[in-house]
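As stored in coords32.csv (CSV, C-alpha atoms and all ligand atoms):
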```csv
chain,number,residue,atom,x,y,z
A,1027,MET,CA,11.2,-6.3,12.7
A,1028,GLN,CA,10.6,-10.0,12.2
A,1029,VAL,CA,10.5,-11.0,8.5
A,1030,PHE,CA,7.6,-13.3,9.1
A,1031,GLU,CA,5.4,-14.6,11.9
A,1032,VAL,CA,3.9,-18.0,12.5
A,1033,LEU,CA,0.9,-18.8,14.6
A,1034,GLN,CA,0.7,-22.5,15.1
A,1035,GLY,CA,-2.5,-24.5,15.3
A,1036,ASP,CA,-3.6,-28.1,15.1
A,1037,SER,CA,-6.0,-27.8,12.2
A,1038,PRO,CA,-5.0,-29.4,8.8
A,1039,VAL,CA,-5.5,-25.9,7.3
A,1040,VAL,CA,-2.6,-23.5,7.0
A,1041,LEU,CA,-3.4,-19.8,6.1
A,1042,GLY,CA,-0.6,-18.2,4.0
A,1043,GLN,CA,-0.5,-14.4,4.0
A,1044,PRO,CA,2.4,-13.2,1.9
A,1045,HIS,CA,1.1,-9.7,1.0
A,1046,GLY,CA,-0.3,-8.2,4.2
A,1047,GLY,CA,3.0,-6.8,5.5
A,1048,THR,CA,3.7,-3.1,5.3
A,1049,HIS,CA,7.3,-3.0,6.6
A,1050,VAL,CA,9.9,-1.5,4.2
A,1051,PRO,CA,13.4,-1.3,5.6
A,1052,GLU,CA,14.6,2.3,5.8
A,1053,ALA,CA,17.4,2.0,3.3
A,1054,ILE,CA,14.9,0.7,0.8
A,1055,ALA,CA,12.0,3.0,1.7
A,1056,THR,CA,14.1,6.1,0.8
A,1057,ARG,CA,14.5,4.8,-2.7
A,1058,LEU,CA,10.8,4.5,-3.4
A,1059,ASN,CA,9.2,7.5,-5.1
A,1060,GLU,CA,6.1,9.1,-3.7
A,1061,ASN,CA,3.8,6.7,-5.5
A,1062,GLY,CA,5.7,3.7,-4.2
A,1063,ARG,CA,5.7,5.0,-0.7
A,1064,GLY,CA,1.9,4.8,-0.8
A,1065,LEU,CA,2.2,1.0,-0.8
A,1066,ALA,CA,-1.1,0.8,-2.7
A,1067,ASP,CA,-0.8,-2.8,-3.7
A,1068,THR,CA,-0.9,-4.2,-0.1
A,1069,ASP,CA,-3.3,-7.0,0.8
A,1070,TRP,CA,-4.7,-4.5,3.4
A,1071,HIS,CA,-6.0,-5.9,6.7
A,1072,ILE,CA,-5.7,-9.5,5.4
A,1073,THR,CA,-4.8,-10.9,8.8
A,1074,ARG,CA,-7.8,-9.1,10.4
A,1075,LEU,CA,-10.1,-10.4,7.7
A,1076,PHE,CA,-9.3,-14.0,8.6
A,1077,ASP,CA,-8.7,-13.6,12.3
A,1078,GLY,CA,-10.6,-16.2,14.3
A,1079,LEU,CA,-12.5,-17.7,11.4
A,1080,LEU,CA,-10.9,-21.1,12.0
A,1081,PRO,CA,-9.4,-20.8,15.5
A,1082,ASP,CA,-7.1,-23.8,15.2
A,1083,ALA,CA,-5.6,-22.9,11.8
A,1084,THR,CA,-1.9,-22.2,11.5
A,1085,VAL,CA,-1.1,-18.7,10.1
A,1086,VAL,CA,2.2,-17.9,8.3
A,1087,LYS,CA,2.4,-14.2,7.4
A,1088,SER,CA,5.1,-12.0,5.9
A,1089,ASN,CA,5.7,-8.6,7.5
A,1090,ILE,CA,7.7,-7.3,4.6
A,1091,HIS,CA,6.0,-5.3,1.9
A,1092,ARG,CA,5.8,-6.8,-1.6
A,1093,TYR,CA,7.6,-3.8,-3.1
A,1094,VAL,CA,10.7,-4.9,-1.2
A,1095,ILE,CA,10.4,-8.4,-2.7
A,1096,ASP,CA,7.2,-10.3,-3.6
A,1097,ALA,CA,6.9,-13.5,-1.5
A,1098,ASN,CA,4.3,-14.8,-4.0
A,1099,ARG,CA,6.6,-14.7,-7.0
A,1100,ASP,CA,9.0,-17.3,-8.3
A,1101,PRO,CA,12.4,-16.6,-6.7
A,1102,SER,CA,14.0,-17.3,-10.0
A,1103,GLY,CA,12.1,-14.4,-11.6
A,1104,VAL,CA,9.9,-16.4,-14.0
A,1105,SER,CA,6.7,-14.5,-14.8
A,1106,LEU,CA,3.5,-15.6,-13.2
A,1107,TYR,CA,1.4,-14.7,-16.2
A,1108,PRO,CA,3.6,-14.8,-19.3
A,1109,GLY,CA,2.4,-12.4,-22.0
A,1110,GLN,CA,0.1,-10.5,-19.6
A,1111,ASN,CA,0.7,-7.4,-17.5
A,1112,THR,CA,1.7,-8.6,-14.0
A,1113,THR,CA,4.1,-7.5,-11.3
A,1114,THR,CA,7.5,-9.1,-10.8
A,1115,LEU,CA,9.7,-10.6,-8.0
A,1116,VAL,CA,10.8,-7.0,-7.1
A,1117,PRO,CA,8.2,-4.9,-8.9
A,1118,LEU,CA,9.2,-1.9,-10.8
A,1119,THR,CA,5.7,-0.6,-11.1
A,1120,ASP,CA,2.5,-0.8,-9.1
A,1121,PHE,CA,-0.7,-2.5,-10.4
A,1122,ASP,CA,-1.6,0.5,-12.5
A,1123,GLY,CA,1.8,0.3,-14.3
A,1124,THR,CA,3.1,3.4,-12.6
A,1125,ASP,CA,6.8,3.5,-11.5
A,1126,ILE,CA,7.4,3.0,-7.8
A,1127,TRP,CA,11.2,3.7,-7.6
A,1128,SER,CA,12.8,7.1,-7.8
A,1129,GLU,CA,14.8,7.6,-11.0
A,1130,GLY,CA,17.9,5.5,-11.0
A,1131,GLN,CA,17.0,3.8,-7.7
A,1132,GLU,CA,15.6,0.6,-9.2
A,1133,PRO,CA,17.3,-2.4,-7.5
A,1134,SER,CA,20.2,-4.1,-9.3
A,1135,GLU,CA,20.3,-7.9,-9.9
A,1136,ASP,CA,22.6,-8.2,-6.9
A,1137,GLU,CA,20.2,-6.4,-4.7
A,1138,VAL,CA,17.3,-8.5,-5.8
A,1139,GLU,CA,19.4,-11.5,-4.8
A,1140,GLN,CA,20.2,-10.0,-1.4
A,1141,ARG,CA,16.5,-9.2,-0.8
A,1142,ARG,CA,15.6,-12.8,-1.9
A,1143,ALA,CA,18.0,-14.2,0.7
A,1144,ALA,CA,16.9,-11.8,3.4
A,1145,TYR,CA,13.1,-11.7,3.0
A,1146,HIS,CA,11.8,-14.2,0.5
A,1147,ALA,CA,13.8,-17.2,1.6
A,1148,PRO,CA,12.9,-17.1,5.4
A,1149,TYR,CA,9.2,-16.9,4.6
A,1150,HIS,CA,9.6,-19.9,2.3
A,1151,ASP,CA,11.5,-21.8,4.9
A,1152,ALA,CA,8.7,-21.3,7.4
A,1153,LEU,CA,5.7,-22.0,5.3
A,1154,PRO,CA,6.8,-25.5,4.1
A,1155,ALA,CA,7.9,-26.4,7.6
A,1156,GLU,CA,4.4,-25.7,8.8
A,1157,LEU,CA,2.9,-27.6,6.0
A,1158,GLU,CA,5.1,-30.5,6.8
A,1159,ARG,CA,4.2,-30.3,10.5
A,1160,VAL,CA,0.5,-30.3,9.8
A,1161,HIS,CA,0.9,-33.0,7.2
A,1162,ASN,CA,2.8,-35.3,9.7
A,1163,LYS,CA,-0.1,-34.8,12.1
A,1164,HIS,CA,-3.0,-35.4,9.8
A,1165,GLY,CA,-1.6,-37.1,6.7
A,1166,VAL,CA,-2.8,-34.2,4.7
A,1167,ALA,CA,-2.4,-30.4,4.7
A,1168,ILE,CA,-4.3,-27.7,3.0
A,1169,LEU,CA,-2.7,-24.3,2.2
A,1170,PHE,CA,-5.3,-21.6,1.9
A,1171,ASP,CA,-3.4,-18.6,0.5
A,1172,CYS,CA,-5.1,-15.4,1.5
A,1173,HIS,CA,-5.1,-12.4,-0.8
A,1174,SER,CA,-7.0,-9.3,-1.6
A,1175,ILE,CA,-6.9,-6.7,-4.4
A,1176,ARG,CA,-8.7,-3.6,-5.6
A,1177,SER,CA,-11.8,-4.4,-7.6
A,1178,ASN,CA,-10.9,-2.3,-10.6
A,1179,ILE,CA,-7.4,-2.3,-12.1
A,1180,PRO,CA,-7.6,-1.7,-15.9
A,1181,PHE,CA,-3.8,-2.4,-16.3
A,1182,LEU,CA,-4.3,-5.9,-15.0
A,1183,PHE,CA,-7.9,-6.9,-16.0
A,1184,GLU,CA,-11.0,-5.6,-17.6
A,1185,GLY,CA,-14.1,-4.6,-15.6
A,1186,GLU,CA,-14.8,-5.3,-12.0
A,1187,LEU,CA,-13.6,-8.5,-10.2
A,1188,PRO,CA,-16.2,-10.7,-8.5
A,1189,ILE,CA,-15.7,-10.8,-4.7
A,1190,PHE,CA,-14.3,-14.3,-4.5
A,1191,ASN,CA,-11.6,-15.3,-7.0
A,1192,THR,CA,-10.5,-18.9,-6.4
A,1193,GLY,CA,-7.2,-20.1,-8.0
A,1194,THR,CA,-6.0,-23.6,-8.3
A,1195,ASN,CA,-3.9,-23.3,-11.5
A,1196,LEU,CA,-6.8,-25.0,-13.4
A,1197,GLY,CA,-7.1,-27.7,-10.8
A,1198,ALA,CA,-3.5,-28.7,-10.6
A,1199,THR,CA,-2.8,-27.6,-7.0
A,1200,CYS,CA,-5.4,-29.5,-5.0
A,1201,ALA,CA,-7.9,-32.4,-5.0
A,1202,PRO,CA,-11.1,-31.7,-7.0
A,1203,ALA,CA,-13.1,-31.9,-3.7
A,1204,ILE,CA,-11.2,-28.9,-2.3
A,1205,GLU,CA,-11.7,-26.7,-5.4
A,1206,THR,CA,-15.3,-27.6,-5.6
A,1207,ALA,CA,-16.0,-26.9,-1.9
A,1208,VAL,CA,-14.4,-23.5,-1.9
A,1209,ASN,CA,-16.0,-22.4,-5.1
A,1210,ALA,CA,-19.4,-23.8,-4.0
A,1211,VAL,CA,-19.4,-21.6,-0.9
A,1212,ALA,CA,-18.3,-18.7,-3.0
A,1213,GLU,CA,-21.0,-19.1,-5.5
A,1214,ALA,CA,-23.7,-19.7,-2.9
A,1215,SER,CA,-22.7,-16.5,-1.2
A,1216,GLY,CA,-24.4,-14.5,-3.9
A,1217,LEU,CA,-21.5,-12.0,-3.7
A,1218,GLY,CA,-19.9,-13.0,-7.0
A,1219,ALA,CA,-17.4,-15.8,-7.6
A,1220,VAL,CA,-15.1,-17.1,-10.3
A,1221,LEU,CA,-12.8,-20.2,-10.4
A,1222,ASN,CA,-9.5,-19.8,-12.2
A,1223,GLY,CA,-10.5,-16.5,-13.8
A,1224,ARG,CA,-7.9,-13.7,-14.0
A,1225,PHE,CA,-6.2,-15.1,-10.8
A,1226,LYS,CA,-5.2,-18.7,-11.1
A,1227,GLY,CA,-3.0,-18.9,-8.0
A,1228,GLY,CA,0.4,-17.3,-7.5
A,1229,TRP,CA,3.7,-18.9,-7.1
A,1230,THR,CA,3.0,-20.1,-3.6
A,1231,THR,CA,-0.1,-22.0,-4.5
A,1232,ARG,CA,1.5,-23.5,-7.6
A,1233,HIS,CA,4.8,-24.4,-5.8
A,1234,TYR,CA,3.3,-26.1,-2.7
A,1235,GLY,CA,0.1,-27.5,-4.1
A,1236,ARG,CA,1.1,-31.2,-4.8
A,1237,PRO,CA,-2.1,-33.1,-4.3
A,1238,GLU,CA,-0.4,-36.5,-4.9
A,1239,THR,CA,1.8,-35.9,-1.8
A,1240,GLY,CA,-1.1,-34.9,0.4
A,1241,ILE,CA,-0.3,-31.2,0.3
A,1242,HIS,CA,-3.1,-29.2,-1.3
A,1243,ALA,CA,-3.2,-25.5,-2.1
A,1244,VAL,CA,-5.8,-23.0,-3.1
A,1245,GLN,CA,-5.6,-19.3,-3.5
A,1246,MET,CA,-8.4,-16.9,-2.5
A,1247,GLU,CA,-8.1,-13.5,-4.1
A,1248,ILE,CA,-10.8,-11.3,-2.5
A,1249,SER,CA,-12.0,-8.0,-4.0
A,1250,GLN,CA,-11.2,-5.4,-1.4
A,1251,ARG,CA,-14.6,-3.8,-1.6
A,1252,ALA,CA,-15.8,-6.8,0.3
A,1253,TYR,CA,-14.4,-5.4,3.6
A,1254,MET,CA,-12.7,-2.0,3.2
A,1255,GLU,CA,-12.5,1.3,1.3
A,1256,GLU,CA,-10.4,0.9,-1.9
A,1257,THR,CA,-8.8,4.3,-1.7
A,1258,PRO,CA,-6.3,5.7,0.8
A,1259,PRO,CA,-6.2,5.5,3.8
A,1260,TRP,CA,-7.6,2.1,3.0
A,1261,ASN,CA,-10.0,2.0,5.9
A,1262,TRP,CA,-11.5,-1.3,7.2
A,1263,ARG,CA,-15.3,-1.4,7.0
A,1264,ASP,CA,-17.0,-3.4,9.7
A,1265,ASP,CA,-20.3,-3.4,7.9
A,1266,ARG,CA,-18.8,-5.0,4.8
A,1267,ALA,CA,-16.6,-7.4,6.6
A,1268,ALA,CA,-19.6,-8.7,8.6
A,1269,ILE,CA,-21.1,-9.8,5.3
A,1270,THR,CA,-18.0,-11.4,3.9
A,1271,ARG,CA,-16.4,-13.1,6.8
A,1272,PRO,CA,-19.1,-15.8,7.4
A,1273,HIS,CA,-18.6,-17.1,3.9
A,1274,LEU,CA,-14.8,-17.3,4.4
A,1275,GLN,CA,-15.4,-19.1,7.6
A,1276,GLN,CA,-17.7,-21.6,5.9
A,1277,MET,CA,-15.0,-22.3,3.3
A,1278,LEU,CA,-12.3,-22.9,5.9
A,1279,GLU,CA,-14.6,-25.1,8.0
A,1280,LYS,CA,-15.5,-27.1,5.0
A,1281,LEU,CA,-11.8,-27.6,4.1
A,1282,SER,CA,-11.1,-28.7,7.6
A,1283,GLU,CA,-14.0,-31.2,7.5
A,1284,ILE,CA,-12.8,-32.6,4.1
A,1285,ALA,CA,-9.2,-33.0,5.4
A,1286,LEU,CA,-10.3,-34.7,8.6
A,1287,SER,CA,-12.8,-37.0,6.8
A,1288,GLY,CA,-9.9,-39.2,5.4
A,1289,THR,CA,-11.3,-39.0,1.9
A,1290,LEU,CA,-8.5,-37.0,0.3
B,1,ZN,ZN,-1.9,-10.8,-2.5
```
Represent the structure from my file as structure tokens, please.
Amino acid sequence: MQVFEVLQGDSPVVLGQPHGGTHVPEAIATRLNENGRGLADTDWHITRLFDGLLPDATVVKSNIHRYVIDANRDPSGVSLYPGQNTTTLVPLTDFDGTDIWSEGQEPSEDEVEQRRAAYHAPYHDALPAELERVHNKHGVAILFDCHSIRSNIPFLFEGELPIFNTGTNLGATCAPAIETAVNAVAEASGLGAVLNGRFKGGWTTRHYGRPETGIHAVQMEISQRAYMEETPPWNWRDDRAAITRPHLQQMLEKLSEIALSGTL
């Protein structure tokens, strides 16, 4: 099993997909409890959702499940949302706050470090390498970090999420034109949109988004009802995806256009 996969393209846009992977190494899988083995917090079908929308975009995706180690969390273990419920570098619970490890099988600090070196680090060697390659070619690179989540998770947030949740850490991770373009498409979709609401961008977006260096990052957290069933077995829904995908395509095309315009 490859830890991550890279599909190289010539576009200035790089799609990050840290949470679509479902692989759990056997020695770790046996320590998950029944709830954990359900892998409920996967960004299900995220590669399929974006497949072909911007044919020349680079894709960097992790194949390892976030319960092994979360590629979108600070490797030093700092909380993404201090003071709020959130999941950690190696989560102990799922998004509902329910334990995922069998009793006494939670990973030790040493194991977290081993998993970081084996699964988190390789992904985060590959992603900046692609951003640098694209940046060298165009003088600019835009990381569009692709995520999805169940629409209703009372442990994490109140009520139902809008379909498109754009995160730029309050504008810190990209040029204003990028944030504005993505959110404008999201709002015009009529499907429901929020900018820097509950989801402000994970560690990936915050870590790589350095607009002053020509590397911009934006996170798109999509409510899963936009393209799938939100209960096991998490089936893909063609009818829903057909409505959602054109808006995502428009966002990516717009970002590519802005990047190539030389105005960033
Ligand atoms: Zn995610």
message: Show me, as a list in words, the residues that have an atom within 9 Å of Glu1060 (chain A) when counting all atoms listed in the file, minus same-chain residues fewer than 5 positions from it.
response: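 Contacts, with the query itself left out: Ile1126, Trp1127 and Ser1128 of chain A.
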Contacts of Phe1190 (chain A) within 10 Å, only C-alpha atoms, excl. fewer than 4 positions in-chain, as a list in words: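 Contacts, with the query itself left out: Ser1174, Val1208, Asn1209, Val1211, Ala1212, Glu1213, Ser1215, Leu1217, Gly1218, Ala1219, Val1220, Leu1221, Met1246, Glu1247, Ile1248, Ser1249, Gln1250, Ala1252, Thr1270, His1273 and Leu1274 of chain A.
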- request: Write out as a VMD selection string each polymer residue (protein, DNA or RNA) that has an atom no more than 6 Å from ligand ZN 1 (chain B), with all atoms listed in the file counted.
  value: chain A and resid 1045 1069 1173 to 1174
Separation of CA of Ala1198 (chain A) from CA of Thr1113 (chain A) in Å: 22.5 Å
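Nearest to Glu1279 (chain A) of all the residues A:Gly1103, A:Gly1240, A:Pro1081, A:Pro1154 is A:Pro1081, counting only C-alpha atoms.
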- prompt: Near Arg1141 (chain A), within 9 Å and counting all atoms listed in the file, which residues show up once chain neighbours fewer than 5 positions away are dropped, as a list in words?
  reply: Val1094, Ile1095, Val1116, Asp1136, His1146 and Ala1147 of chain A
Residues near region 1256-1261 of chain A, cut-off 10 Å, all atoms listed in the file, skip fewer than 4 positions along chain, as a PyMOL selection string: chain A and resi 1064-1066+1068+1070-1071+1175-1178+1249-1252
